[in-house]
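Peer 1: Below is one structure. I have some questions about it.
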Amino acid sequence: MKQAILGKKIGMTQLFREDGTMIPVTVVLAGPCPVTQVKTVEHDGYDAVQMAFQPVREKLITKPQMGHLRKAGVEAHRYVKEFKLDDCAKYAVGDVIKADTFASGDKVDVTGTSKGKGFAGNIKRWNQARGRKTHGSHSYRVAGSMGACTYPGEVFKTKHLPGHMGHERITVQNLEVVRADAERNLLLIKGAIPGAKGGLVLVRSTVK
C-alpha cells in the first residue's frame, strides 16, 4: 500500500547491524502532518490526500493559505503538499500522519531540492573535457565549438553550456527505511538523500 509523509532532513549518521555491519543513514524528521483536505474523484476529479508540515507563525504564510488551514481546523504550517495514495477514503480532515506510517524494511522514494552551486562552468556542470594546452591554445575550460555552420545556423536548445548548477528537484528511488521512531517522529533511511540540512523532503512508498 502506498504511504507518504513530509519531513525535514536533519543530517547523516551511521548504525551498526547485529553482525557488525555499518550502515550510513540519513535522519529525517517525518511529521507530524495533519490532513488538511481529502480530494475525491467525484468532487475534484482525482483521489489525493493533502497534508501540512512544520508549524509556523501566521504572519509567515499568506491569508488565503491561513484561511484554507482554518477551514480544516489546522494551525499555521509552512508547507502544504498532496499525495495520490491507494486508499484515500480511510483518511479524514484533522487526522495526523506520523512516522509510524512506515516501518523498518520498507522501501521508499525520497524527493528533495539539491544544494545550489551557483554559476558553474561547463567542465564542473557537465563533466566536459578541457581543451589541449599546446601550441598556444588558450581554450582550456571554455565550452568549445557550438557546432552548426551555415545550416542550420543556430545553437540547439539542448547544448550543454555554463550556467546555474544545482537547486533542482531530485528523487532518489528504492531506499530502505532502517528504523522508524514514532515517539520522536524520526525516520532513519539508508544512504544519502538530496538537499541541505533543514530542507524539505517528500517520503513516499517506492514505485519500483
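In the C-alpha cells, each chain is lettered A, B, ... as it comes, each chain's residues begin at 1, and ligands are numbered from 1 in order of appearance.
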Mind checking which residues fall within 7 Å of region 23-33 of chain A, counting only C-alpha atoms, ignoring those fewer than 2 positions away in the same chain, and posting them as a list in words?
Peer 2: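 Within the cut-off, the hits are Ile5, Leu6, Gly7, Lys8, Lys9, Ile10, Gly11, Met12, Thr13, Gln14, Leu15, Phe16, Thr21, Val35, Met51, Ala52, Phe53, Val96, Ile97, Lys98, Ala99, Asn185, Leu186, Leu187, Leu188, Ile189, Lys190, Gly191 and Ala192 of chain A.
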Peer 1: Could you write out that same residue set with C-alpha atoms as a PDB file, in the first residue's frame?
Peer 2:
ATOM      1  CA  ILE A   5       4.766  11.828   4.604  1.00  0.00           C
ATOM      2  CA  LEU A   6       6.515  15.201   4.632  1.00  0.00           C
ATOM      3  CA  GLY A   7       9.745  15.648   6.531  1.00  0.00           C
ATOM      4  CA  LYS A   8      12.876  17.691   7.127  1.00  0.00           C
ATOM      5  CA  LYS A   9      16.413  16.465   6.549  1.00  0.00           C
ATOM      6  CA  ILE A  10      18.394  16.624   9.787  1.00  0.00           C
ATOM      7  CA  GLY A  11      21.707  15.077   8.775  1.00  0.00           C
ATOM      8  CA  MET A  12      23.622  11.841   8.377  1.00  0.00           C
ATOM      9  CA  THR A  13      24.955   9.327  10.877  1.00  0.00           C
ATOM     10  CA  GLN A  14      25.620   5.596  10.998  1.00  0.00           C
ATOM     11  CA  LEU A  15      24.137   2.479  12.548  1.00  0.00           C
ATOM     12  CA  PHE A  16      25.518  -0.984  13.159  1.00  0.00           C
ATOM     13  CA  THR A  21      27.963  -4.176   9.511  1.00  0.00           C
ATOM     14  CA  VAL A  35      -4.501  16.168   6.972  1.00  0.00           C
ATOM     15  CA  MET A  51      -1.231  17.335   4.413  1.00  0.00           C
ATOM     16  CA  ALA A  52       0.650  20.129   6.167  1.00  0.00           C
ATOM     17  CA  PHE A  53       4.062  20.188   7.832  1.00  0.00           C
ATOM     18  CA  VAL A  96      -2.360  13.286  11.950  1.00  0.00           C
ATOM     19  CA  ILE A  97       0.123  11.251   9.930  1.00  0.00           C
ATOM     20  CA  LYS A  98       3.236  10.309  11.887  1.00  0.00           C
ATOM     21  CA  ALA A  99       6.492   8.493  11.226  1.00  0.00           C
ATOM     22  CA  ASN A 185       8.953  11.326  14.632  1.00  0.00           C
ATOM     23  CA  LEU A 186      12.211  10.184  13.074  1.00  0.00           C
ATOM     24  CA  LEU A 187      12.929   8.051  10.023  1.00  0.00           C
ATOM     25  CA  LEU A 188      16.405   6.629   9.518  1.00  0.00           C
ATOM     26  CA  ILE A 189      16.823   5.993   5.792  1.00  0.00           C
ATOM     27  CA  LYS A 190      19.772   4.065   4.383  1.00  0.00           C
ATOM     28  CA  GLY A 191      22.080   6.124   2.185  1.00  0.00           C
ATOM     29  CA  ALA A 192      22.064   9.773   1.169  1.00  0.00           C
TER      30      ALA A 192
END
Peer 1: Just list the residues in chain A DSSP gives helix (DSSP H, G or I) on the backbone, as a PyMOL selection string.
Peer 2: chain A and resi 41-44+58-60+63-71+88-90+99-101+122-126
Peer 1: Can those selected residues be exported to a file as a PDB file, in the first residue's frame so that it contains C-alpha atoms?
Peer 2:
ATOM      1  CA  VAL A  41     -12.888  11.756  -7.947  1.00  0.00           C
ATOM      2  CA  GLU A  42     -16.478  12.979  -7.620  1.00  0.00           C
ATOM      3  CA  HIS A  43     -15.537  16.423  -6.362  1.00  0.00           C
ATOM      4  CA  ASP A  44     -12.006  17.070  -7.634  1.00  0.00           C
ATOM      5  CA  GLU A  58       0.513  33.042  10.987  1.00  0.00           C
ATOM      6  CA  LYS A  59       2.481  36.065   9.731  1.00  0.00           C
ATOM      7  CA  LEU A  60       4.777  33.776   7.749  1.00  0.00           C
ATOM      8  CA  LYS A  63      -4.019  34.904   4.233  1.00  0.00           C
ATOM      9  CA  PRO A  64      -5.554  32.548   1.623  1.00  0.00           C
ATOM     10  CA  GLN A  65      -3.347  29.738   2.935  1.00  0.00           C
ATOM     11  CA  MET A  66      -4.319  30.543   6.504  1.00  0.00           C
ATOM     12  CA  GLY A  67      -7.990  30.557   5.558  1.00  0.00           C
ATOM     13  CA  HIS A  68      -7.634  27.119   3.974  1.00  0.00           C
ATOM     14  CA  LEU A  69      -5.948  25.759   7.094  1.00  0.00           C
ATOM     15  CA  ARG A  70      -8.525  27.319   9.439  1.00  0.00           C
ATOM     16  CA  LYS A  71     -11.288  25.650   7.455  1.00  0.00           C
ATOM     17  CA  CYS A  88      -7.557   7.941   0.379  1.00  0.00           C
ATOM     18  CA  ALA A  89     -11.001   7.198   1.825  1.00  0.00           C
ATOM     19  CA  LYS A  90      -9.526   5.989   5.113  1.00  0.00           C
ATOM     20  CA  ALA A  99       6.492   8.493  11.226  1.00  0.00           C
ATOM     21  CA  ASP A 100       4.942   5.146  12.171  1.00  0.00           C
ATOM     22  CA  THR A 101       3.205   5.132   8.760  1.00  0.00           C
ATOM     23  CA  ASN A 122      30.774  23.519 -18.495  1.00  0.00           C
ATOM     24  CA  ILE A 123      33.509  21.296 -17.013  1.00  0.00           C
ATOM     25  CA  LYS A 124      32.086  21.314 -13.485  1.00  0.00           C
ATOM     26  CA  ARG A 125      28.443  21.385 -14.567  1.00  0.00           C
ATOM     27  CA  TRP A 126      28.501  18.828 -17.398  1.00  0.00           C
TER      28      TRP A 126
END
Peer 1: Rounded to one decimal in Å, what is the spacing between CA of Ala4 (chain A) and CA of Leu85 (chain A)?
Peer 2: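 One can read the CA of Ala4 (chain A) to CA of Leu85 (chain A) distance as 7.7 Å.
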Peer 1: Counting only C-alpha atoms, which residue out of A:Pro152, A:Gly73, A:Gly105, A:Pro162 sits closest to Thr36 (chain A)?
Peer 2: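 Closest to Thr36 (chain A) of all the choices is A:Gly73.
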Peer 1: As JSON, numbers by chain, please: all residues of chain A that backbone DSSP puts in strand (DSSP E or B).
Peer 2: {"A": [4, 5, 6, 7, 8, 9, 10, 11, 12, 13, 14, 15, 16, 22, 23, 24, 25, 26, 27, 28, 29, 30, 33, 34, 35, 36, 37, 38, 39, 48, 49, 50, 51, 52, 53, 54, 55, 77, 78, 79, 80, 81, 82, 83, 96, 97, 107, 108, 109, 110, 111, 112, 113, 116, 117, 118, 119, 120, 163, 164, 165, 166, 169, 170, 171, 172, 173, 174, 175, 176, 177, 178, 179, 180, 181, 186, 187, 188, 189, 190, 200, 201, 202, 203, 204, 205]}
Peer 1: Show which residues sit within 10 Å of region 130-133 of chain A, as a list of chain:residue names. Count only C-alpha atoms, and ignore same-chain residues fewer than 5 positions away.
Peer 2: A:Asn122, A:Ile123, A:His138, A:Ser139, A:Tyr140, A:Arg141, A:Val142, A:Ala143, A:Gly144
Peer 1: For CA of Ala92 (chain A) and CA of Val56 (chain A), determine how far apart the two atoms are, in Å to one decimal place.
Peer 2: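 The value is 22.6 Å.
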Peer 1: What is the CA of Asn127 (chain A)-CA of Gly199 (chain A) distance in Å, reported with one decimal?
Peer 2: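 Computing the Euclidean distance for CA of Asn127 (chain A) and CA of Gly199 (chain A) yields 26.5 Å.
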Peer 1: When you look at Gly112 (chain A) with a cut-off of 10 Å (counting only C-alpha atoms), what residues show up, excluding the ones that are within fewer than 6 positions of it in the same chain? I need them as a VMD selection string.
Peer 2: chain A and resid 7 to 9 167 to 172 193 to 196 199 to 203
Peer 1: Can you list, as a list in words, every protein, DNA or RNA residue that comes within 9 Å of Gly118 (chain A) when you count only C-alpha atoms, leaving out same-chain residues fewer than 6 positions away?
Peer 2: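 Everything that qualifies: Gly163, His164, Met165, Gly166 and His167 of chain A.
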Peer 1: Please provide as a list in words all residues within 7 Å of Gln54 (chain A), with the sequence filter that same-chain residues fewer than 3 positions apart are discarded (counting only C-alpha atoms).
Peer 2: His77, Arg78 and Tyr79 of chain A
Peer 1: Store the residues picked out above in a file with C-alpha atoms, as a PDB file, in the first residue's frame.
Peer 2:
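Generated output (result24.pdb):
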ATOM      1  CA  HIS A  77       2.064  25.412   8.734  1.00  0.00           C
ATOM      2  CA  ARG A  78       4.849  26.331   6.349  1.00  0.00           C
ATOM      3  CA  TYR A  79       4.300  23.544   3.818  1.00  0.00           C
TER       4      TYR A  79
END
Peer 1: For Gly94 (chain A), which residue among A:Leu175, A:Val38, A:Ile61, A:Ala48 is the nearest when counting only C-alpha atoms?
Peer 2: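 Nearest candidate to Gly94 (chain A) out of A:Leu175, A:Val38, A:Ile61, A:Ala48: A:Val38.
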Peer 1: Which residue out of A:Val74, A:Val110, A:Ala103, A:Ala129 has the minimum interatomic distance to Pro55 (chain A) when only C-alpha atoms are used?
Peer 2: A:Val74
